[in-house]
Amino acid sequence: MNLLRSELVRFAARRAVVLLLLLGFVLALLAVGATLWNNRPITDAERAESTALAQQDVEACQENPRRYVGSNDPARCDQLSQNLYVGRYVAPFDQLAADLPQAIMGILGFTALLAGTTYVGAEFASGALSNTLLFWPNRLQVWLAKVVAVTVWTTLFAAVTIGLCLLAVALVAETRSGGDPSQAQLLRMAGRGSRVLVVVVASAVLGAALTTALRATIATTGIVIGYLLVGETLLRAIAATTVEPWLLSIRVLAFVRPVVRLEDYGDGFAAEPVVQVVPFWSSVVYLAVLSLVALTACAMVFHRRDVP
Amino acid sequence: MPDLVIETTGLSKTYRTTRMRHVVAVEGLDLAVEAGGVHGFLGPNGSGKTTTIRMLLGLARPTAGTMRVFDSPVPSGLGAVMPRVGAVVESPKFLPGFTGRRNLDLLARVGGLSRSRVDAVLEQVDLLERASDRYKGYSLGMRQRLAIAATLLKEPSLLILDEPTNGLDPQGIRDIRQMIRSLGDSGVTVLVSSHILAEIEQVADSVTIVRRGRLIATGPVTDVVGSGVTASLRVRLADLDAAASVLQSSRLAVTRASDHLMVDGADEPADVTRLLAEHGLYVSELTPVRPDLESVFLDLTREDEQVVAS
């Protein structure tokens with residue numbers, strides 16, 4: 001417990017870690033705020049303005065119908081008055097509840113990964129880790145204490161941030177026309193939120209664990225970003241149909257959504273796409289096995305390698 | 001059989017570089033440090049001192065050989081040993097954004113030690129007034145003192161200090177030297193590595209000299225110094241030229257200085273006075289000039305180079 005308490009203090013007292021988590025919190029709230037604003041209900045003023053614009057189009061059309069409706073019949077211009085030129089799409093609650101947790105996951109997952117990585121990387125860079133090992137030489141216990149500290153703090157952070165974001169979505173949805181979201185809708189959103197929480201915590205833990213093996217923040221971030229930006233793109237380019245269902249990002253999406261449909265149009269001219277469904281439970285098993293293997297490998301490497 | 005605090009047998013460490021080359025840092029080292037007193041661990045830069053210390057502390061894994069600390073095998077028995085061991089390896093290592101006190105607090109917490117020890121050791125190294133400052137604002141000397149304070153937290157029976165006076169001013173060097181000596185006198189075994197030989201000679205009871213990862217000499221300082229280079233004699237008298245001629249004819253090595261001769265190769269000082277008196281030359285001063293650790297070290301490492309070259 002002494003070791004764990006010390007690691008909990010170290011994590012929370014690292015300024016870079018706190019700033020990263022704070023950045024994630026602010027960005028997540030901004031993303032939610034921006035999404036809610038962009039999906040605000042269409043106001044009467046907007047409706048009136050768009051009706052006026054539509055009327056202008058109808059009048060212009062009646063003067064030159066061929067240009068607007070491809071016919072010389074001015075009567076066909078009336079169909080233009082049915083269009084509302086509001087210029088934005090207002091997503092229904094279910095779509096918001098599905099898309100927002102994914103957006104939050106991207107932001108929080110990345111900042112949590114950096115926080116976990118920085119926390120361990122700084123210990124290697126400053127040499128503080130070797131000092132800790134002089135007081136507690138059992139490396140596996142030190143490794144475990146670090147992983148637990150990262151888990152505890154990022155769970156708290158993610159729970160508060162995701163909770164606040166989803167609460168805001170639910171509260172705003174209630175105030176808008178169309179009525180309260182149903183209990184089932186709210187539960188679906190909460191389910192997604194809790195799965196996003198798992199992904200965020202796992203990102204931080206894997207970031208920290210990878211750094212215990214690689215011994216440098218830059219190495220871990222380089223490998224993770226390199227895999228996501230270059231590795232997956234290359235794999236998709238080489239054999240999309242075969243490889244795509246097994247990509248980490250697709251499996252994470254399938255875990256959060258909780259199902260992903262992949263459509264492959266081949267050379268782009270196929271009438272019917274080849275559809276592959278990536279289901280939830282197989283993704284859970286896939287991610288669990290992958291995480292377990294990665295964590296075990298990192299712990300073993302940390303146990304064996306020299307500490308600078 | 002003496003009571004050994006540290007014992008290594010055939011200890012070796014080979015590093016693999018990024019170009020897949022193998023670099024031998026320590027090779028078949030047999031190190032023995034007896035309980036109590038100050039033991040100097042000497043060698044030029046890159047001779048494997050720090051690597052050996054890091055292996056003893058479990059921070060690096062040996063390629064071959066065995067190690068025992070307080071008669072427990074290392075690294076498997078480190079859990080039982082480390083509460084009795086304090087160590088500073090290379091430069092002091094702390095989190096730069098934390099204060100000195102906070103860094104020590106965290107270590108005390110890890111070691112399950114009383115928080116009151118923190119202020120006690122800070123006072124012991126004269127750092128209490130600056131304990132609330134961030135570590136990154138500390139001077140080199142203050143960092144070194146904080147590192148030593150960290151080693152004292154545990155009230156260790158074995159203290160391992162790797163180049164403890166690096167970057168210290170003369171006053172700081174003297175303070176550390178006095179502290180090492182008093183710890184050694186109080187029953188703590190102090191293993192202190194350094195390449196500053198004069199410093200070690202002043203505080204150490206015994207020494208081990210390594211070069212290129214291999215043991216060259218080990219034992220009490222007096223034995224190592226005595227076994228290395230024979231004593232020279234400084235001889236003053238009126239007729240230096242005549243005396244030099246007499247001594248050289250007796251196959252003694254003579255070096256002429258402005259007002260004296262340095263004579264090497266005599267078994268006893270009395271042989272020189274007798275030889276000169278037989279030729280009517282009477283010495284006004286005859287002083288044995290004992291070799292110091294530095295000259296022994298240079299002599300031993302030069303011999304080693306010759307062996308390697310041949």
# chains A, B, ... in the order shown; residues from 1 in each chain; ligands from 1
call {"tool": "interface_residues", "arguments": {"of": "chain A", "to": "chain B", "cutoff": "9 Å", "atoms": "only C-alpha atoms", "output": "VMD selection string"}}
result
chain A and resid 1 to 7 9 to 10 13 to 15 122 to 123 126 to 138 304 to 308
call {"tool": "residues_around", "arguments": {"residues": "Ala75 in chain A", "least_positions_apart": "3", "cutoff": "9 Å", "atoms": "only C-alpha atoms", "output": "ChimeraX atom specification"}}
result
/A:62,65,72,78-79
call {"tool": "write_last_selection", "arguments": {"atoms": "N, CA and C atoms", "output": "PDB file, in the first residue's frame"}}
result
ATOM      1  N   GLN A  62     -39.676  31.093 -62.094  1.00  0.00           N
ATOM      2  CA  GLN A  62     -40.799  31.321 -62.997  1.00  0.00           C
ATOM      3  C   GLN A  62     -40.382  32.184 -64.198  1.00  0.00           C
ATOM      4  N   PRO A  65     -37.627  28.982 -66.074  1.00  0.00           N
ATOM      5  CA  PRO A  65     -37.808  27.661 -65.456  1.00  0.00           C
ATOM      6  C   PRO A  65     -36.765  26.633 -65.918  1.00  0.00           C
ATOM      7  N   ASN A  72     -39.667  23.899 -69.355  1.00  0.00           N
ATOM      8  CA  ASN A  72     -40.204  25.227 -69.656  1.00  0.00           C
ATOM      9  C   ASN A  72     -41.532  25.489 -68.946  1.00  0.00           C
ATOM     10  N   ASP A  78     -43.083  25.500 -58.344  1.00  0.00           N
ATOM     11  CA  ASP A  78     -43.678  25.469 -57.000  1.00  0.00           C
ATOM     12  C   ASP A  78     -42.944  24.486 -56.080  1.00  0.00           C
ATOM     13  N   GLN A  79     -42.338  23.457 -56.699  1.00  0.00           N
ATOM     14  CA  GLN A  79     -41.664  22.461 -55.836  1.00  0.00           C
ATOM     15  C   GLN A  79     -40.503  23.093 -55.059  1.00  0.00           C
TER      16      GLN A  79
END
call {"tool": "closest_residue", "arguments": {"among": "B:Gly280, B:Asp271, B:Val207, B:Val263", "to": "Ala238 in chain B", "atoms": "only C-alpha atoms"}}
result
B:Gly280
call {"tool": "residues_around", "arguments": {"residues": "Arg130 in chain B", "least_positions_apart": "5", "cutoff": "10 Å", "atoms": "only C-alpha atoms", "output": "JSON list (two decimals) with N, CA, C and O atoms, in the first residue's frame"}}
result
[["chain", "number", "residue", "atom", "x", "y", "z"],
["B", 99, "THR", "N", 9.58, 19.55, -4.96],
["B", 99, "THR", "CA", 10.55, 20.14, -4.03],
["B", 99, "THR", "C", 11.45, 19.02, -3.49],
["B", 99, "THR", "O", 11.13, 17.83, -3.61],
["B", 100, "GLY", "N", 12.54, 19.46, -2.86],
["B", 100, "GLY", "CA", 13.45, 18.48, -2.26],
["B", 100, "GLY", "C", 12.73, 17.64, -1.23],
["B", 100, "GLY", "O", 12.85, 16.42, -1.20],
["B", 101, "ARG", "N", 11.91, 18.31, -0.39],
["B", 101, "ARG", "CA", 11.21, 17.59, 0.67],
["B", 101, "ARG", "C", 10.22, 16.60, 0.09],
["B", 101, "ARG", "O", 10.11, 15.46, 0.54],
["B", 122, "LEU", "N", 17.40, 15.92, 6.07],
["B", 122, "LEU", "CA", 17.61, 17.22, 5.39],
["B", 122, "LEU", "C", 18.50, 18.11, 6.25],
["B", 122, "LEU", "O", 19.37, 18.83, 5.75],
["B", 135, "TYR", "N", 13.35, 21.01, -6.94],
["B", 135, "TYR", "CA", 14.64, 20.35, -7.17],
["B", 135, "TYR", "C", 15.37, 20.95, -8.36],
["B", 135, "TYR", "O", 16.59, 21.09, -8.35],
["B", 137, "GLY", "N", 15.68, 23.86, -9.25],
["B", 137, "GLY", "CA", 16.37, 25.10, -8.91],
["B", 137, "GLY", "C", 17.61, 24.88, -8.07],
["B", 137, "GLY", "O", 18.31, 25.83, -7.73],
["B", 138, "TYR", "N", 17.90, 23.64, -7.72],
["B", 138, "TYR", "CA", 19.05, 23.34, -6.85],
["B", 138, "TYR", "C", 20.36, 23.42, -7.63],
["B", 138, "TYR", "O", 20.41, 23.06, -8.80],
["B", 142, "MET", "N", 23.83, 21.06, -4.06],
["B", 142, "MET", "CA", 22.59, 20.80, -3.31],
["B", 142, "MET", "C", 21.94, 19.51, -3.77],
["B", 142, "MET", "O", 21.40, 18.74, -2.97]]
call {"tool": "residues_around", "arguments": {"residues": "Ala242 in chain B", "least_positions_apart": "4", "cutoff": "9 Å", "atoms": "only C-alpha atoms", "output": "list in words"}}
result
Val246, Leu247 and Leu281 of chain B
call {"tool": "select_by_dssp", "arguments": {"residues": "range 63-309 of chain B", "states": "strand (DSSP E)", "output": "JSON list (two decimals) with C-alpha atoms, in the first residue's frame"}}
result
[["chain", "number", "residue", "atom", "x", "y", "z"],
["B", 64, "ALA", "CA", 27.34, -13.87, -16.01],
["B", 65, "GLY", "CA", 28.59, -14.42, -12.48],
["B", 66, "THR", "CA", 27.08, -14.27, -9.02],
["B", 67, "MET", "CA", 26.63, -11.50, -6.47],
["B", 68, "ARG", "CA", 25.90, -11.57, -2.77],
["B", 69, "VAL", "CA", 25.07, -8.61, -0.54],
["B", 72, "SER", "CA", 21.90, -12.79, 0.21],
["B", 73, "PRO", "CA", 21.98, -13.56, -3.50],
["B", 74, "VAL", "CA", 21.41, -10.56, -5.73],
["B", 85, "VAL", "CA", 21.36, -0.33, 1.68],
["B", 86, "GLY", "CA", 21.54, 3.33, 0.73],
["B", 87, "ALA", "CA", 22.95, 4.32, -2.64],
["B", 88, "VAL", "CA", 23.63, 7.20, -4.97],
["B", 158, "LEU", "CA", 25.81, -0.38, 3.64],
["B", 159, "LEU", "CA", 26.18, 2.90, 1.81],
["B", 160, "ILE", "CA", 27.15, 2.86, -1.86],
["B", 161, "LEU", "CA", 28.27, 6.21, -3.25],
["B", 162, "ASP", "CA", 29.18, 6.57, -6.89],
["B", 189, "THR", "CA", 30.19, -0.09, 5.46],
["B", 190, "VAL", "CA", 30.77, 2.56, 2.82],
["B", 191, "LEU", "CA", 31.64, 1.60, -0.76],
["B", 192, "VAL", "CA", 32.71, 4.76, -2.52],
["B", 193, "SER", "CA", 33.64, 4.82, -6.16],
["B", 194, "SER", "CA", 35.75, 7.59, -7.56],
["B", 206, "SER", "CA", 40.71, -0.58, 1.72],
["B", 207, "VAL", "CA", 40.50, -0.26, -2.05],
["B", 208, "THR", "CA", 39.73, -2.21, -5.17],
["B", 209, "ILE", "CA", 41.20, -1.01, -8.44],
["B", 210, "VAL", "CA", 39.55, -1.99, -11.70],
["B", 211, "ARG", "CA", 40.38, -1.31, -15.28],
["B", 214, "ARG", "CA", 38.73, -6.36, -14.58],
["B", 215, "LEU", "CA", 40.22, -6.43, -11.10],
["B", 216, "ILE", "CA", 43.78, -5.11, -10.92],
["B", 217, "ALA", "CA", 44.44, -4.84, -7.21],
["B", 218, "THR", "CA", 42.53, -5.08, -3.96],
["B", 219, "GLY", "CA", 43.27, -4.91, -0.24],
["B", 220, "PRO", "CA", 43.98, -2.42, 2.55],
["B", 232, "SER", "CA", 62.05, 6.72, -3.43],
["B", 233, "LEU", "CA", 64.63, 8.53, -1.31],
["B", 234, "ARG", "CA", 65.22, 12.26, -1.35],
["B", 235, "VAL", "CA", 68.87, 12.91, -0.60],
["B", 236, "ARG", "CA", 70.47, 16.28, 0.14],
["B", 253, "ALA", "CA", 68.52, 4.96, -10.28],
["B", 254, "VAL", "CA", 69.28, 8.61, -9.62],
["B", 255, "THR", "CA", 67.39, 11.69, -10.73],
["B", 256, "ARG", "CA", 69.09, 15.03, -10.24],
["B", 261, "LEU", "CA", 68.77, 13.77, -5.64],
["B", 262, "MET", "CA", 65.90, 11.30, -5.96],
["B", 263, "VAL", "CA", 67.15, 7.76, -5.53],
["B", 264, "ASP", "CA", 65.19, 4.65, -6.49],
["B", 285, "GLU", "CA", 68.87, 15.03, 4.64],
["B", 286, "LEU", "CA", 67.55, 11.61, 3.69],
["B", 287, "THR", "CA", 63.78, 11.31, 3.41],
["B", 288, "PRO", "CA", 61.82, 8.30, 2.17],
["B", 289, "VAL", "CA", 59.17, 9.52, -0.27]]
call {"tool": "closest_residue", "arguments": {"among": "A:Leu248, A:Val26, A:Ala254, A:Leu100", "to": "Met189 in chain A", "atoms": "only C-alpha atoms"}}
result
A:Leu100
call {"tool": "residues_around", "arguments": {"residues": "Thr151 in chain A", "least_positions_apart": "5", "cutoff": "9 Å", "atoms": "only C-alpha atoms", "output": "tab-separated table (two decimals) with C-alpha atoms, in the first residue's frame"}}
result
chain	number	residue	atom	x	y	z
A	146	LYS	CA	2.12	2.29	-11.59
A	156	LEU	CA	-11.96	9.09	-11.98
A	201	VAL	CA	-8.70	4.02	-19.14
A	202	ALA	CA	-7.23	1.26	-21.31
A	204	ALA	CA	-3.83	5.43	-20.40
A	205	VAL	CA	-2.84	2.05	-18.97
call {"tool": "select_by_dssp", "arguments": {"residues": "range 96-270 of chain B", "states": "helix (DSSP H, G or I)", "output": "PyMOL selection string"}}
result
chain B and resi 100-110+116-124+128-130+135-137+140-152+170-185+197-203+221-228+240-249+269-270
call {"tool": "closest_residue", "arguments": {"among": "A:Ile104, A:Ala168, A:Ala216, A:Val58", "to": "Pro74 in chain A", "atoms": "only C-alpha atoms"}}
result
A:Val58
call {"tool": "residues_around", "arguments": {"residues": "range 33-45 of chain A", "least_positions_apart": "6", "cutoff": "12 Å", "atoms": "only C-alpha atoms", "output": "PyMOL selection string"}}
result
chain A and resi 26-27+51-52+84-93+95-97+99-101+103-104+164-173+175-178
